[in-house]
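Structure file work19.cif (mmCIF, C-alpha atoms) follows.
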```cif
data_input
loop_
_atom_site.label_atom_id
_atom_site.label_comp_id
_atom_site.auth_asym_id
_atom_site.auth_seq_id
_atom_site.Cartn_x
_atom_site.Cartn_y
_atom_site.Cartn_z
CA MET U 244 10.58 113.68 13.70
CA ASN U 245 9.94 109.96 14.24
CA ASP U 246 7.63 109.26 17.18
CA ASP U 247 7.53 105.49 16.65
CA PRO U 248 9.20 103.95 19.72
CA GLU U 249 9.95 100.74 17.84
CA GLN U 250 11.98 102.60 15.21
CA SER U 251 13.78 104.77 17.77
CA ARG U 252 15.28 101.80 19.61
CA PRO U 253 18.93 100.98 18.83
CA SER U 254 19.50 97.98 16.59
CA ASP U 255 20.24 94.65 18.29
CA SER U 256 21.66 93.08 15.13
CA SER U 257 25.34 93.73 15.86
CA PRO U 258 27.34 90.48 15.86
CA GLU U 259 28.31 88.89 19.16
CA PRO U 260 32.03 89.31 19.93
CA ALA U 261 34.02 86.11 19.36
CA LEU U 262 34.85 84.17 22.51
CA PRO U 263 38.57 83.95 23.31
CA VAL U 264 40.48 80.77 22.49
CA ARG U 265 40.91 78.72 25.67
CA VAL U 266 44.54 77.55 26.09
CA PHE U 267 46.37 75.26 28.53
CA ILE U 268 50.18 75.40 28.88
CA LEU U 269 52.49 72.51 29.83
CA ASP U 270 56.18 73.27 30.42
CA ASP U 271 58.47 72.10 33.21
CA HIS U 272 60.28 75.46 33.37
CA GLU U 273 58.29 78.01 35.37
CA VAL U 274 59.98 80.99 33.68
CA VAL U 275 59.08 79.62 30.23
CA ARG U 276 55.50 78.93 31.33
CA ARG U 277 55.09 82.45 32.63
CA GLY U 278 56.62 83.92 29.48
CA VAL U 279 54.31 81.93 27.21
CA ARG U 280 51.32 82.84 29.37
CA ASP U 281 52.16 86.55 29.26
CA LEU U 282 52.62 86.46 25.47
CA LEU U 283 49.33 84.70 24.89
CA GLU U 284 47.29 86.73 27.35
CA ALA U 285 48.53 89.96 25.75
CA ASP U 286 46.33 88.95 22.83
CA GLY U 287 42.70 89.79 23.51
CA GLY U 288 41.55 86.72 21.62
CA ILE U 289 43.25 84.18 23.92
CA GLU U 290 42.49 83.11 27.49
CA VAL U 291 44.93 80.87 29.38
CA VAL U 292 42.70 78.60 31.47
CA GLY U 293 45.41 76.56 33.17
CA GLU U 294 49.01 75.42 33.27
CA ALA U 295 51.09 72.53 34.54
CA GLY U 296 54.75 71.76 35.19
CA ASP U 297 54.70 68.00 34.59
CA ALA U 298 52.86 65.33 32.62
CA ARG U 299 50.79 63.92 35.48
CA GLU U 300 49.51 67.35 36.48
CA ALA U 301 48.62 68.15 32.88
CA LEU U 302 46.72 64.87 32.40
CA ALA U 303 44.73 65.62 35.56
CA ARG U 304 44.00 69.29 34.87
CA VAL U 305 43.44 69.57 31.12
CA PRO U 306 40.14 67.61 31.02
CA ALA U 307 38.85 69.74 33.91
CA THR U 308 39.69 73.09 32.28
CA ARG U 309 38.39 72.08 28.80
CA PRO U 310 40.79 74.13 26.65
CA GLN U 311 40.55 74.31 22.87
CA VAL U 312 44.35 74.33 22.49
CA ALA U 313 47.07 72.73 24.62
CA VAL U 314 50.57 74.19 24.19
CA LEU U 315 52.83 71.30 25.20
CA ASP U 316 56.59 71.24 25.74
CA VAL U 317 58.02 68.21 23.91
CA ARG U 318 60.72 67.46 26.52
CA LEU U 319 59.82 67.39 30.21
CA GLY U 320 62.17 66.83 33.13
CA ASP U 321 59.89 64.61 35.21
CA GLY U 322 60.97 61.38 33.54
CA HIS U 323 57.37 60.46 32.66
CA GLY U 324 57.50 59.35 29.03
CA GLY U 325 61.22 59.77 28.37
CA ASP U 326 62.77 62.51 26.22
CA HIS U 327 59.48 63.11 24.40
CA ALA U 328 57.17 63.08 27.43
CA GLY U 329 55.13 65.98 26.06
CA ILE U 330 54.29 63.91 23.00
CA GLU U 331 52.97 61.11 25.21
CA VAL U 332 50.80 63.71 26.94
CA CYS U 333 49.53 64.78 23.51
CA ARG U 334 48.70 61.19 22.62
CA GLU U 335 46.81 60.61 25.87
CA LEU U 336 44.92 63.90 25.74
CA ARG U 337 43.89 63.36 22.12
CA ALA U 338 42.57 59.91 23.05
CA ARG U 339 40.44 61.47 25.80
CA MET U 340 39.56 64.72 23.98
CA PRO U 341 39.64 64.27 20.18
CA GLU U 342 38.51 67.86 19.67
CA LEU U 343 41.60 69.25 21.48
CA ALA U 344 44.28 70.83 19.27
CA CYS U 345 47.79 70.16 20.60
CA LEU U 346 50.55 72.60 19.66
CA MET U 347 54.00 71.15 20.42
CA LEU U 348 56.67 73.60 21.59
CA THR U 349 60.34 72.61 21.61
CA SER U 350 63.87 74.01 21.74
CA PHE U 351 65.18 71.34 19.36
CA ASP U 352 64.65 70.91 15.62
CA ASP U 353 64.29 67.15 15.93
CA ASP U 354 62.86 65.15 13.01
CA GLU U 355 62.12 62.12 15.17
CA ALA U 356 60.17 64.21 17.69
CA LEU U 357 58.32 65.89 14.80
CA PHE U 358 57.38 62.50 13.36
CA ASP U 359 56.25 61.16 16.76
CA ALA U 360 54.23 64.31 17.48
CA ILE U 361 52.32 64.03 14.20
CA MET U 362 51.60 60.36 14.79
CA ALA U 363 50.34 61.29 18.27
CA GLY U 364 47.82 63.65 16.65
CA ALA U 365 49.51 67.03 17.17
CA ALA U 366 48.05 69.87 15.10
CA GLY U 367 51.27 71.88 15.05
CA TYR U 368 54.95 71.89 15.96
CA VAL U 369 56.92 75.10 16.60
CA LEU U 370 60.35 75.95 17.98
CA LYS U 371 60.73 78.05 21.13
CA GLN U 372 62.74 80.52 19.05
CA ILE U 373 59.43 81.62 17.51
CA ASN U 374 58.51 85.26 18.24
CA GLY U 375 55.47 86.26 20.26
CA ALA U 376 53.35 87.19 17.26
CA GLY U 377 54.20 83.87 15.62
CA LEU U 378 53.15 81.89 18.70
CA VAL U 379 49.86 83.79 18.97
CA SER U 380 49.22 83.16 15.28
CA ALA U 381 50.01 79.46 15.70
CA VAL U 382 47.50 79.14 18.55
CA HIS U 383 44.75 80.80 16.50
CA THR U 384 45.64 78.64 13.49
CA VAL U 385 45.32 75.30 15.29
CA ALA U 386 42.25 76.51 17.20
CA SER U 387 40.52 77.07 13.84
CA GLY U 388 41.11 73.43 12.91
CA THR U 389 43.98 74.16 10.51
CA SER U 390 47.28 72.28 10.70
CA MET U 391 50.49 74.20 11.38
CA LEU U 392 52.40 71.74 9.18
CA ASP U 393 53.37 73.19 5.81
CA PRO U 394 54.35 71.14 2.71
CA ARG U 395 58.06 71.39 3.61
CA THR U 396 57.40 69.88 7.03
CA THR U 397 55.22 67.22 5.43
CA ALA U 398 58.12 66.35 3.11
CA ARG U 399 60.45 65.93 6.11
CA VAL U 400 57.98 63.59 7.75
CA MET U 401 57.60 61.58 4.55
CA ALA U 402 61.39 61.26 4.33
CA ARG U 403 61.48 60.07 7.94
CA LEU U 404 58.72 57.58 7.18
CA ARG U 405 60.61 56.19 4.19
CA GLY U 406 63.61 55.57 6.45
CA THR U 407 61.52 53.75 9.05
CA SER U 408 60.89 50.03 8.95
CA GLN U 409 57.13 49.69 8.51
CA PRO U 410 55.14 46.55 9.22
CA PRO U 411 53.51 44.94 6.18
CA ALA U 412 50.55 47.11 5.26
CA ALA U 413 49.19 45.18 2.29
CA GLU U 414 46.52 43.50 4.40
CA THR U 415 45.12 46.66 5.98
CA GLU U 416 45.58 49.56 3.57
CA PRO U 417 43.59 48.23 0.60
CA SER U 418 40.58 47.55 2.82
CA GLU U 419 40.80 51.08 4.23
CA LEU U 420 41.08 52.59 0.76
CA ASP U 421 38.14 50.52 -0.47
CA ARG U 422 35.96 52.66 1.78
CA LEU U 423 36.82 55.77 -0.26
CA THR U 424 34.94 56.93 -3.33
CA PRO U 425 36.96 57.65 -6.52
CA ARG U 426 36.70 61.39 -5.80
CA GLU U 427 37.94 60.87 -2.24
CA ARG U 428 40.87 58.87 -3.60
CA GLN U 429 41.71 61.82 -5.87
CA ILE U 430 41.61 64.21 -2.93
CA LEU U 431 43.73 61.86 -0.79
CA ASP U 432 46.38 61.75 -3.53
CA LEU U 433 46.47 65.56 -3.62
CA ILE U 434 46.73 65.72 0.18
CA GLY U 435 49.74 63.42 -0.18
CA GLU U 436 51.31 65.96 -2.54
CA GLY U 437 50.98 68.62 0.18
CA LEU U 438 48.26 70.70 -1.51
CA THR U 439 46.07 72.99 0.58
CA ASN U 440 42.25 72.83 0.52
CA ARG U 441 42.16 75.82 -1.83
CA GLU U 442 44.69 74.28 -4.20
CA ILE U 443 42.76 71.00 -4.23
CA ALA U 444 39.53 72.88 -4.92
CA THR U 445 41.16 74.68 -7.87
CA ARG U 446 42.67 71.47 -9.25
CA LEU U 447 39.37 69.54 -9.10
CA TYR U 448 37.00 72.44 -9.87
CA LEU U 449 35.23 72.10 -6.53
CA ALA U 450 34.14 74.59 -3.88
CA GLU U 451 36.66 74.91 -1.05
CA LYS U 452 33.92 74.04 1.48
CA THR U 453 33.18 70.86 -0.48
CA VAL U 454 36.85 69.88 -0.28
CA LYS U 455 36.87 70.50 3.48
CA ASN U 456 33.79 68.29 3.94
CA ARG U 457 35.29 65.55 1.75
CA ILE U 458 38.54 65.60 3.75
CA SER U 459 36.57 65.21 7.00
CA ALA U 460 34.88 62.16 5.49
CA ILE U 461 38.25 60.75 4.33
CA LEU U 462 39.77 61.10 7.79
CA ALA U 463 36.76 59.39 9.37
CA LYS U 464 36.88 56.49 6.90
CA LEU U 465 40.63 55.99 7.33
CA GLY U 466 40.42 56.22 11.10
CA VAL U 467 42.98 59.04 11.41
CA GLY U 468 42.63 62.37 13.16
CA ARG U 469 44.82 64.66 11.05
CA ARG U 470 45.29 65.23 7.34
CA ILE U 471 49.05 64.76 7.74
CA GLN U 472 48.41 61.17 8.84
CA ALA U 473 46.22 60.69 5.74
CA ALA U 474 49.01 62.23 3.63
CA MET U 475 51.54 59.75 4.99
CA LEU U 476 49.19 56.88 4.25
CA ALA U 477 48.73 58.15 0.68
CA GLY U 478 52.49 58.47 0.23
CA ARG U 479 53.13 54.99 1.57
CA ILE U 480 50.56 53.52 -0.82
CA ARG U 481 52.01 55.44 -3.76
CA GLU U 482 55.53 54.23 -2.98
CA ARG U 483 54.37 50.62 -2.75
CA GLY U 484 52.69 50.96 -6.16
CA GLU U 485 55.88 52.31 -7.72
CA ARG U 486 58.00 49.38 -6.57
#
```
As structure tokens - that is how I would like this structure written.
Amino acid sequence: MNDDPEQSRPSDSSPEPALPVRVFILDDHEVVRRGVRDLLEADGGIEVVGEAGDAREALARVPATRPQVAVLDVRLGDGHGGDHAGIEVCRELRARMPELACLMLTSFDDDEALFDAIMAGAAGYVLKQINGAGLVSAVHTVASGTSMLDPRTTARVMARLRGTSQPPAAETEPSELDRLTPRERQILDLIGEGLTNREIATRLYLAEKTVKNRISAILAKLGVGRRIQAAMLAGRIRERGER
């Protein structure tokens, strides 16, 4: 029998439960908003901290509720921002709250909206036809800092970029790239090929955490917020070199 009171106490070393992901929802259809809210709140790891039915309300309420993820409808019926008003909300919110992950939700498979959403800093882009489990997974994915844009989506954006008239970049891009070390240039090239952090780590014989840290440094030096934007820059530079 152990009479030592210190040894008889229960252990306090159990890990703290993870806090739920805080989510804000913007959609101009009340039924859709309620459906998305019910789907997300059915997951114990998500807390919906607010919702809005138009762009102005979202821009007023999101900073006050401090969500980690904003689920934004691409098209809103309030006329604020045109057909892609939700993307303008994403752009504005990301300017105010760079740490916010915006997940765009749309009924239309629209390459132009996809391109605009990425350039606005969106972390993901999903169709409303997605099932409940897929939406929950998407929220957790972008909340963790991972992009919801796979290599196929990246390829579509690159194709859209190639078909867009770009202003002359020769004066700005070289100076931006001069800030990168040779290793960072290697990693940027592999990002442009659509490789994941793990694949880059394997290719360059680096630890995956090292690759993640290097990518953060690359994004900071290039002045972009998402790796997809860095990938497009890498692709544009590669294309110019091949001409």
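Residue nearest Asn374 of chain U, chosen from U:Asp271, U:Val291, U:Arg318, U:Leu283 and counting only C-alpha atoms: U:Leu283.
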Using Å and a single decimal, report how far atom CA of Asp359 of chain U sits from atom CA of Val279 of chain U.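 Distance reported for this atom pair: 23.3 Å.
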Atom CA of Pro306 of chain U and atom CA of Phe358 of chain U are how many Å apart?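 These two atoms are separated by 25.2 Å.
Relative to atom CA of Leu315 of chain U, atom CA of Asn456 of chain U is found at 28.7 Å.
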Residues near Leu348 of chain U, anyone? I mean within 8 Å using all atoms listed in the file, not counting same-chain ones fewer than 4 positions away, as JSON, numbers by chain. {"U": [314, 315, 316, 317, 368, 369, 370, 371]}
